[in-house]
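Asker: Next comes the structure file upload.cif, holding mmCIF, C-alpha atoms (C1' of nucleotides).
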```cif
data_query
loop_
_atom_site.label_atom_id
_atom_site.label_comp_id
_atom_site.auth_asym_id
_atom_site.auth_seq_id
_atom_site.Cartn_x
_atom_site.Cartn_y
_atom_site.Cartn_z
CA MET A 27 88.10 77.62 104.55
CA ALA A 28 89.14 81.00 105.78
CA ALA A 29 90.91 80.85 109.10
CA ALA A 30 89.63 82.58 112.15
CA CYS A 31 92.06 85.34 112.95
CA ASN A 32 93.36 83.70 116.09
CA ALA A 33 97.00 82.92 116.40
CA ALA A 34 97.06 82.72 120.17
CA GLU A 35 98.72 79.32 120.29
CA THR A 36 102.02 80.47 118.83
CA SER A 37 104.39 83.09 120.17
CA PRO A 38 104.41 86.56 118.61
CA ASN A 39 107.90 85.85 117.27
CA GLN A 40 106.70 82.68 115.52
CA GLN A 41 103.59 84.42 114.20
CA LEU A 42 105.54 87.30 112.75
CA THR A 43 108.21 85.07 111.25
CA GLY A 44 105.53 82.88 109.72
CA TYR A 45 103.62 85.89 108.37
CA TYR A 46 106.75 87.26 106.82
CA ALA A 47 107.56 83.95 105.12
CA ALA A 48 104.00 83.59 103.85
CA LEU A 49 103.96 87.09 102.40
CA LEU A 50 107.38 86.74 100.83
CA GLU A 51 106.37 83.47 99.21
CA ARG A 52 103.16 84.97 97.81
CA PHE A 53 104.39 88.37 96.65
CA GLY A 54 108.16 88.03 96.35
CA PRO A 55 110.72 90.72 97.29
CA GLN A 56 109.26 94.21 96.95
CA GLN A 57 112.53 96.09 96.35
CA TRP A 58 111.55 99.11 98.42
CA TRP A 59 111.77 102.10 98.72
CA PRO A 60 110.68 103.00 95.17
CA ALA A 61 113.06 105.95 94.71
CA ARG A 62 116.36 106.58 92.95
CA THR A 63 118.30 108.48 95.62
CA ARG A 64 118.26 109.14 99.35
CA LEU A 65 116.98 112.62 98.65
CA GLU A 66 114.06 111.14 96.72
CA VAL A 67 113.34 108.82 99.64
CA ILE A 68 113.11 111.83 101.95
CA LEU A 69 110.94 113.81 99.56
CA GLY A 70 108.77 110.78 98.88
CA ALA A 71 108.31 110.17 102.60
CA ILE A 72 106.93 113.69 102.98
CA LEU A 73 104.91 113.68 99.77
CA THR A 74 103.15 110.39 100.46
CA GLN A 75 101.78 111.48 103.84
CA ASN A 76 98.13 110.44 103.90
CA THR A 77 98.30 110.25 100.12
CA ALA A 78 98.41 107.45 97.56
CA TRP A 79 101.96 106.78 96.38
CA HIS A 80 100.89 107.42 92.80
CA ASN A 81 100.13 111.04 93.65
CA ALA A 82 103.49 111.39 95.38
CA THR A 83 105.19 110.19 92.20
CA LEU A 84 103.36 112.85 90.19
CA ALA A 85 104.79 115.48 92.52
CA LEU A 86 108.29 113.96 92.37
CA GLY A 87 108.05 114.00 88.58
CA ASN A 88 107.20 117.71 88.64
CA LEU A 89 110.16 118.43 90.91
CA ARG A 90 112.43 116.47 88.57
CA ARG A 91 111.21 118.32 85.49
CA GLN A 92 111.85 121.62 87.26
CA GLY A 93 115.38 120.49 88.12
CA LEU A 94 114.64 120.65 91.83
CA LEU A 95 115.84 117.22 92.93
CA SER A 96 118.88 118.62 94.71
CA TRP A 97 119.33 120.50 97.96
CA ARG A 98 120.61 123.55 96.15
CA GLY A 99 117.65 123.47 93.79
CA LEU A 100 115.15 123.09 96.60
CA ARG A 101 116.71 125.88 98.65
CA ALA A 102 116.79 128.23 95.67
CA ALA A 103 113.22 127.54 94.61
CA ARG A 104 110.42 129.94 95.51
CA ILE A 105 107.80 128.46 97.78
CA GLU A 106 105.15 129.08 95.11
CA THR A 107 107.16 126.95 92.67
CA LEU A 108 107.45 124.15 95.19
CA GLU A 109 103.72 124.35 95.89
CA GLU A 110 102.92 124.09 92.21
CA CYS A 111 105.17 121.02 91.80
CA VAL A 112 103.84 119.34 94.90
CA ARG A 113 100.16 120.07 94.28
CA PRO A 114 99.22 116.59 92.91
CA ALA A 115 100.24 115.03 96.24
CA GLY A 116 97.62 117.03 98.15
CA PHE A 117 98.16 119.14 101.29
CA TYR A 118 100.50 120.99 98.98
CA ARG A 119 101.06 124.07 101.15
CA HIS A 120 102.11 121.94 104.12
CA LYS A 121 104.29 119.64 102.06
CA ALA A 122 106.00 122.43 100.12
CA ARG A 123 106.82 124.18 103.38
CA ALA A 124 108.09 120.96 104.96
CA ILE A 125 110.38 120.29 101.99
CA SER A 126 111.64 123.86 101.91
CA GLU A 127 112.34 123.92 105.64
CA PHE A 128 114.04 120.54 105.47
CA ALA A 129 116.39 121.81 102.77
CA ASP A 130 117.21 124.95 104.77
CA TRP A 131 117.68 122.94 107.93
CA LEU A 132 120.04 120.46 106.28
CA GLU A 133 122.19 123.32 105.03
CA ARG A 134 122.18 125.12 108.36
CA ARG A 135 122.64 122.11 110.63
CA HIS A 136 124.69 119.71 108.52
CA GLY A 137 126.26 121.85 105.83
CA GLY A 138 123.87 120.40 103.25
CA SER A 139 125.41 116.96 103.67
CA LEU A 140 123.14 113.94 103.86
CA ALA A 141 126.20 111.82 104.63
CA ARG A 142 126.80 113.96 107.70
CA LEU A 143 123.15 113.77 108.73
CA PHE A 144 123.06 110.01 108.33
CA SER A 145 126.29 109.52 110.25
CA LEU A 146 124.41 110.37 113.46
CA PRO A 147 123.41 107.59 115.85
CA ALA A 148 119.87 106.42 115.11
CA ASP A 149 118.26 107.86 118.23
CA GLN A 150 119.88 111.25 117.70
CA LEU A 151 118.99 111.23 114.01
CA ARG A 152 115.36 110.44 114.83
CA ARG A 153 115.18 113.21 117.44
CA GLN A 154 116.56 115.74 114.98
CA LEU A 155 114.15 114.70 112.25
CA LEU A 156 111.21 114.98 114.64
CA GLU A 157 112.11 118.59 115.36
CA LEU A 158 111.24 119.42 111.76
CA ARG A 159 107.86 120.80 110.81
CA GLY A 160 105.92 118.24 108.78
CA VAL A 161 108.03 115.30 109.95
CA GLY A 162 106.23 113.07 112.43
CA PRO A 163 107.13 109.61 113.72
CA GLU A 164 106.20 107.73 110.57
CA THR A 165 107.99 110.05 108.17
CA ALA A 166 111.07 110.11 110.41
CA ASP A 167 111.12 106.31 110.57
CA ALA A 168 110.65 105.95 106.82
CA ILE A 169 113.70 108.17 106.36
CA LEU A 170 115.62 106.21 108.99
CA LEU A 171 114.76 102.85 107.47
CA TYR A 172 114.75 103.52 103.75
CA ALA A 173 117.31 106.31 103.40
CA ALA A 174 119.62 105.71 106.38
CA GLU A 175 119.14 101.92 106.50
CA ARG A 176 118.56 101.88 110.24
CA PRO A 177 116.34 99.19 111.81
CA MET A 178 113.21 101.25 112.58
CA PHE A 179 109.94 99.58 111.65
CA VAL A 180 107.53 101.91 109.86
CA ALA A 181 104.28 101.08 111.66
CA ASP A 182 102.07 102.87 109.17
CA ALA A 183 98.33 102.58 108.59
CA TYR A 184 98.68 99.44 106.44
CA THR A 185 100.93 97.76 108.99
CA ARG A 186 98.53 98.46 111.82
CA ARG A 187 95.44 97.51 109.85
CA VAL A 188 96.84 94.19 108.59
CA LEU A 189 98.29 93.15 111.95
CA ALA A 190 95.15 94.16 113.82
CA ARG A 191 92.88 92.40 111.32
CA HIS A 192 94.72 89.14 112.05
CA GLY A 193 94.70 89.56 115.79
CA ILE A 194 98.43 90.16 116.10
CA ILE A 195 98.00 93.56 117.70
CA SER A 196 95.03 95.31 119.24
CA ALA A 197 92.81 97.29 116.92
CA LYS A 198 93.49 100.22 119.22
CA ALA A 199 97.29 99.92 119.06
CA ASP A 200 98.79 103.22 118.04
CA TYR A 201 101.95 103.89 116.08
CA ARG A 202 104.32 103.65 119.02
CA GLU A 203 102.77 100.51 120.49
CA THR A 204 102.80 98.75 117.13
CA GLN A 205 106.40 99.67 116.50
CA GLU A 206 107.47 98.54 119.97
CA PHE A 207 105.72 95.22 119.42
CA LEU A 208 107.54 94.66 116.15
CA HIS A 209 110.89 95.73 117.56
CA THR A 210 110.41 93.38 120.50
CA HIS A 211 109.42 90.34 118.49
CA LEU A 212 111.55 90.61 115.38
CA PRO A 213 115.34 90.59 114.95
CA ARG A 214 116.53 94.22 114.83
CA GLU A 215 117.53 94.15 111.13
CA ALA A 216 116.93 96.94 108.64
CA ALA A 217 116.71 94.60 105.64
CA LEU A 218 114.01 92.54 107.37
CA TYR A 219 112.02 95.63 108.40
CA ASN A 220 112.30 97.02 104.90
CA GLU A 221 110.96 93.91 103.21
CA PHE A 222 108.34 93.10 105.84
CA HIS A 223 106.89 96.61 105.82
CA ALA A 224 106.73 96.65 102.02
CA LEU A 225 104.98 93.27 102.03
CA LEU A 226 102.46 94.45 104.63
CA VAL A 227 101.61 97.43 102.44
CA GLU A 228 101.19 95.11 99.46
CA VAL A 229 98.89 92.70 101.28
CA GLY A 230 97.04 95.64 102.80
CA LYS A 231 96.36 97.13 99.39
CA ARG A 232 95.28 93.85 97.84
CA HIS A 233 93.33 92.14 100.59
CA CYS A 234 92.77 94.29 103.65
CA ALA A 235 90.11 96.87 102.87
CA PRO A 236 89.32 99.40 105.59
CA HIS A 237 86.20 98.72 107.66
CA SER A 238 86.03 95.11 106.48
CA PRO A 239 85.94 92.34 109.09
CA SER A 240 87.92 89.89 106.96
CA CYS A 241 90.61 89.76 104.29
CA PRO A 242 89.41 87.52 101.43
CA GLY A 243 92.25 85.75 99.64
CA CYS A 244 94.79 87.02 102.12
CA PRO A 245 97.86 84.76 102.39
CA LEU A 246 97.97 85.43 106.11
CA GLU A 247 94.62 83.70 106.54
CA GLU A 248 95.95 80.71 104.62
CA PHE A 249 98.99 80.73 106.87
CA LEU A 250 96.75 80.61 109.93
CA ALA A 251 94.47 77.88 108.55
"C1'" DG B 24 79.33 111.96 94.24
"C1'" DC B 25 81.65 109.23 97.66
"C1'" DC B 26 85.49 106.84 99.68
"C1'" DC B 27 90.18 106.19 100.20
"C1'" DA B 28 95.17 106.99 100.13
"C1'" DG B 29 102.34 104.52 102.83
"C1'" DG B 30 100.22 111.69 108.43
"C1'" DT B 31 100.99 115.96 110.83
"C1'" DG B 32 99.94 119.84 113.66
"C1'" DG B 33 96.96 122.88 116.20
"C1'" DG B 34 93.16 123.49 119.32
"C1'" DT B 35 90.18 122.15 123.15
"C1'" DA B 36 88.54 119.85 127.40
"C1'" DT C 2 96.41 112.69 127.68
"C1'" DA C 3 92.70 112.14 124.41
"C1'" DC C 4 89.98 113.55 120.91
"C1'" DC C 5 88.65 116.49 117.00
"C1'" DC C 6 89.55 118.89 112.94
"C1'" DA C 7 91.91 121.14 108.91
"C1'" DC C 8 94.90 120.27 105.40
"C1'" DA C 9 93.93 118.74 99.29
"C1'" DT C 10 94.63 116.12 95.22
"C1'" DG C 11 93.72 112.05 92.16
"C1'" DG C 12 91.87 107.43 91.23
"C1'" DG C 13 88.39 103.73 91.66
#
```
Show the structure stored in the file as structure tokens.
Answerer:
Amino acid sequence: MAAACNAAETSPNQQLTGYYAALLERFGPQQWWPARTRLEVILGAILTQNTAWHNATLALGNLRRQGLLSWRGLRAARIETLEECVRPAGFYRHKARAISEFADWLERRHGGSLARLFSLPADQLRRQLLELRGVGPETADAILLYAAERPMFVADAYTRRVLARHGIISAKADYRETQEFLHTHLPREAALYNEFHALLVEVGKRHCAPHSPSCPGCPLEEFLA
DNA sequence: GCCCAGGTGGGTA
DNA sequence: TACCCACATGGG
């Protein structure tokens, strides 16, 4: 029998820990982020905005074929070239501009050094990233977590949908509220946030359709039963 | 043909 | 602050 989505009798910490264990048991380690380098993590974080990851990989493949997967390459490229590469990921004008400005900014502000950028304290790094056009809270946190290995939970649409569907957070909880909840009730560990977020995306894709009241076959419902 | 996908930024009240 | 809307392509 499918469980009612009511976990009120256990603490949020216990719920989240139990959810994590249940997801890990069902799906196994997800080995995120699916990228080869920190630069690819950053580009992927921009390219996947409101876009299926598959389309982001098409754009990354185009950039690779054009020899643009380096800061020098990106800075030297014409914006029209970037737009053409990025087109499969949608919103291509925005994303090409964001990538181009990021490359210029890194050169200007940090001498083109990702090591220098990522040596900043997490709060300062996040503030700097948020100053960039096309980098909002989620993209900044994805870069912090998956490229800089800082413990910032990426409270994306899947995370919010899955947690809300199971009554863990309010359906109205926004990005900041969801992230604060997770930071409050989970150990502040990058490896845990990495794996948990990836698992939430996986369960969201497989079992948690938008606008559906339930999640058939969802391991979280079995956990609650 | 419609819905959805690992958001962000600008405008308006 | 809180909504609303534009931005765009590819797959099911």
Asker: Quick one: residues within 8 Å of DT31 (chain B), only C-alpha atoms (C1' of nucleotides), excluding same-chain residues fewer than 4 positions away - as a ChimeraX atom specification?
Answerer: /A:160-162
Asker: Take the selection from the previous step and output its residues with C-alpha atoms, as an mmCIF file, keeping the file's coordinate frame.
Answerer:
```
data_model
loop_
_atom_site.group_PDB
_atom_site.id
_atom_site.type_symbol
_atom_site.label_atom_id
_atom_site.label_comp_id
_atom_site.auth_asym_id
_atom_site.auth_seq_id
_atom_site.Cartn_x
_atom_site.Cartn_y
_atom_site.Cartn_z
ATOM 1 C CA GLY A 160 105.920 118.240 108.780
ATOM 2 C CA VAL A 161 108.030 115.300 109.950
ATOM 3 C CA GLY A 162 106.230 113.070 112.430
#
```
Asker: Considering all atoms listed in the file, tabulate each residue of chain A that lies at most 9 Å from chain B along with its nearest interatomic pair and the corresponding distance in Å to one decimal; arrange the rows by chain and ascending residue number and present them as CSV.
Answerer:
```
residue,atom,partner,partner_atom,distance
A:Ala71,CA,B:DG29,C1',8.2
A:Ile72,CA,B:DG30,C1',8.9
A:Thr74,CA,B:DG29,C1',6.4
A:Gln75,CA,B:DG30,C1',4.9
A:Asn76,CA,B:DG30,C1',5.1
A:Thr77,CA,B:DA28,C1',4.5
A:Ala78,CA,B:DA28,C1',4.2
A:Trp79,CA,B:DG29,C1',6.8
A:Arg159,CA,B:DT31,C1',8.4
A:Gly160,CA,B:DT31,C1',5.8
A:Val161,CA,B:DT31,C1',7.1
A:Gly162,CA,B:DT31,C1',6.2
A:Pro163,CA,B:DG30,C1',8.9
A:Glu164,CA,B:DG30,C1',7.5
A:Thr165,CA,B:DG30,C1',7.9
A:Asp182,CA,B:DG29,C1',6.6
A:Ala183,CA,B:DG29,C1',7.3
A:Tyr184,CA,B:DG29,C1',7.2
A:Val227,CA,B:DG29,C1',7.1
A:Pro236,CA,B:DC27,C1',8.7
```
Asker: Would you mind reading off the distance between CA of Arg135 (chain A) and CA of Gly87 (chain A), one decimal, in Å?
Answerer: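 If I compute the distance from CA of Arg135 (chain A) to CA of Gly87 (chain A), I get 27.7 Å.
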Asker: Taking the file as I've supplied it (selection: the PyMOL selection byres ((chain C) within 7 of (chain A))), which residues are included? Please answer as a list of chain:residue names.
Answerer: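 Matching residues under the PyMOL selection byres ((chain C) within 7 of (chain A)) are C:DC8, C:DA9, C:DT10, C:DG11.
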Asker: Check what the PyMOL selection byres ((chain A and resi 191-199) around 8) selects in the file above and give those residues as a list in words.
Answerer: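 So the PyMOL selection byres ((chain A and resi 191-199) around 8), applied here, picks out Cys31, Asn32, Ala33, Pro38, Gln41, Arg186, Arg187, Val188, Leu189, Ala190, Asp200, Tyr201, Arg202, Glu203, Thr204, Cys234, Pro239, Ser240, Cys241, Leu246 and Glu247 of chain A.
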Asker: Restricting the output to C-alpha atoms, write the selected residues as an mmCIF file, in the frame of the given file.
Answerer:
```
data_model
loop_
_atom_site.group_PDB
_atom_site.id
_atom_site.type_symbol
_atom_site.label_atom_id
_atom_site.label_comp_id
_atom_site.auth_asym_id
_atom_site.auth_seq_id
_atom_site.Cartn_x
_atom_site.Cartn_y
_atom_site.Cartn_z
ATOM 1 C CA CYS A 31 92.060 85.340 112.950
ATOM 2 C CA ASN A 32 93.360 83.700 116.090
ATOM 3 C CA ALA A 33 97.000 82.920 116.400
ATOM 4 C CA PRO A 38 104.410 86.560 118.610
ATOM 5 C CA GLN A 41 103.590 84.420 114.200
ATOM 6 C CA ARG A 186 98.530 98.460 111.820
ATOM 7 C CA ARG A 187 95.440 97.510 109.850
ATOM 8 C CA VAL A 188 96.840 94.190 108.590
ATOM 9 C CA LEU A 189 98.290 93.150 111.950
ATOM 10 C CA ALA A 190 95.150 94.160 113.820
ATOM 11 C CA ASP A 200 98.790 103.220 118.040
ATOM 12 C CA TYR A 201 101.950 103.890 116.080
ATOM 13 C CA ARG A 202 104.320 103.650 119.020
ATOM 14 C CA GLU A 203 102.770 100.510 120.490
ATOM 15 C CA THR A 204 102.800 98.750 117.130
ATOM 16 C CA CYS A 234 92.770 94.290 103.650
ATOM 17 C CA PRO A 239 85.940 92.340 109.090
ATOM 18 C CA SER A 240 87.920 89.890 106.960
ATOM 19 C CA CYS A 241 90.610 89.760 104.290
ATOM 20 C CA LEU A 246 97.970 85.430 106.110
ATOM 21 C CA GLU A 247 94.620 83.700 106.540
#
```
Asker: With only C-alpha atoms (C1' of nucleotides) as the counted atoms, please give the residues lying no more than 9 Å from region 48-58 of chain A, apart from itself and same-chain residues fewer than 6 positions off, as a list in words.
Answerer: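 Near neighbours after the sequence-gap exclusion: Tyr172, Asn220, Glu221, Phe222, Ala224, Leu225, Leu226, Glu228, Val229, Pro245, Leu246, Glu248 and Phe249 of chain A.
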Asker: To verify the selection step, state as an MDAnalysis selection string which residues the PyMOL selection byres ((chain A and resi 149) around 12) yields on this input.
Answerer: chainID A and resid 144:148 150:156 166:167 170 176:178
Asker: What does the structure give for the distance between CA of Leu250 (chain A) and CA of Glu206 (chain A), in Å to one decimal?
Answerer: 23.2 Å
Asker: One number please: CA of Leu158 (chain A) to CA of Phe207 (chain A), in Å, one decimal.
Answerer: 26.0 Å
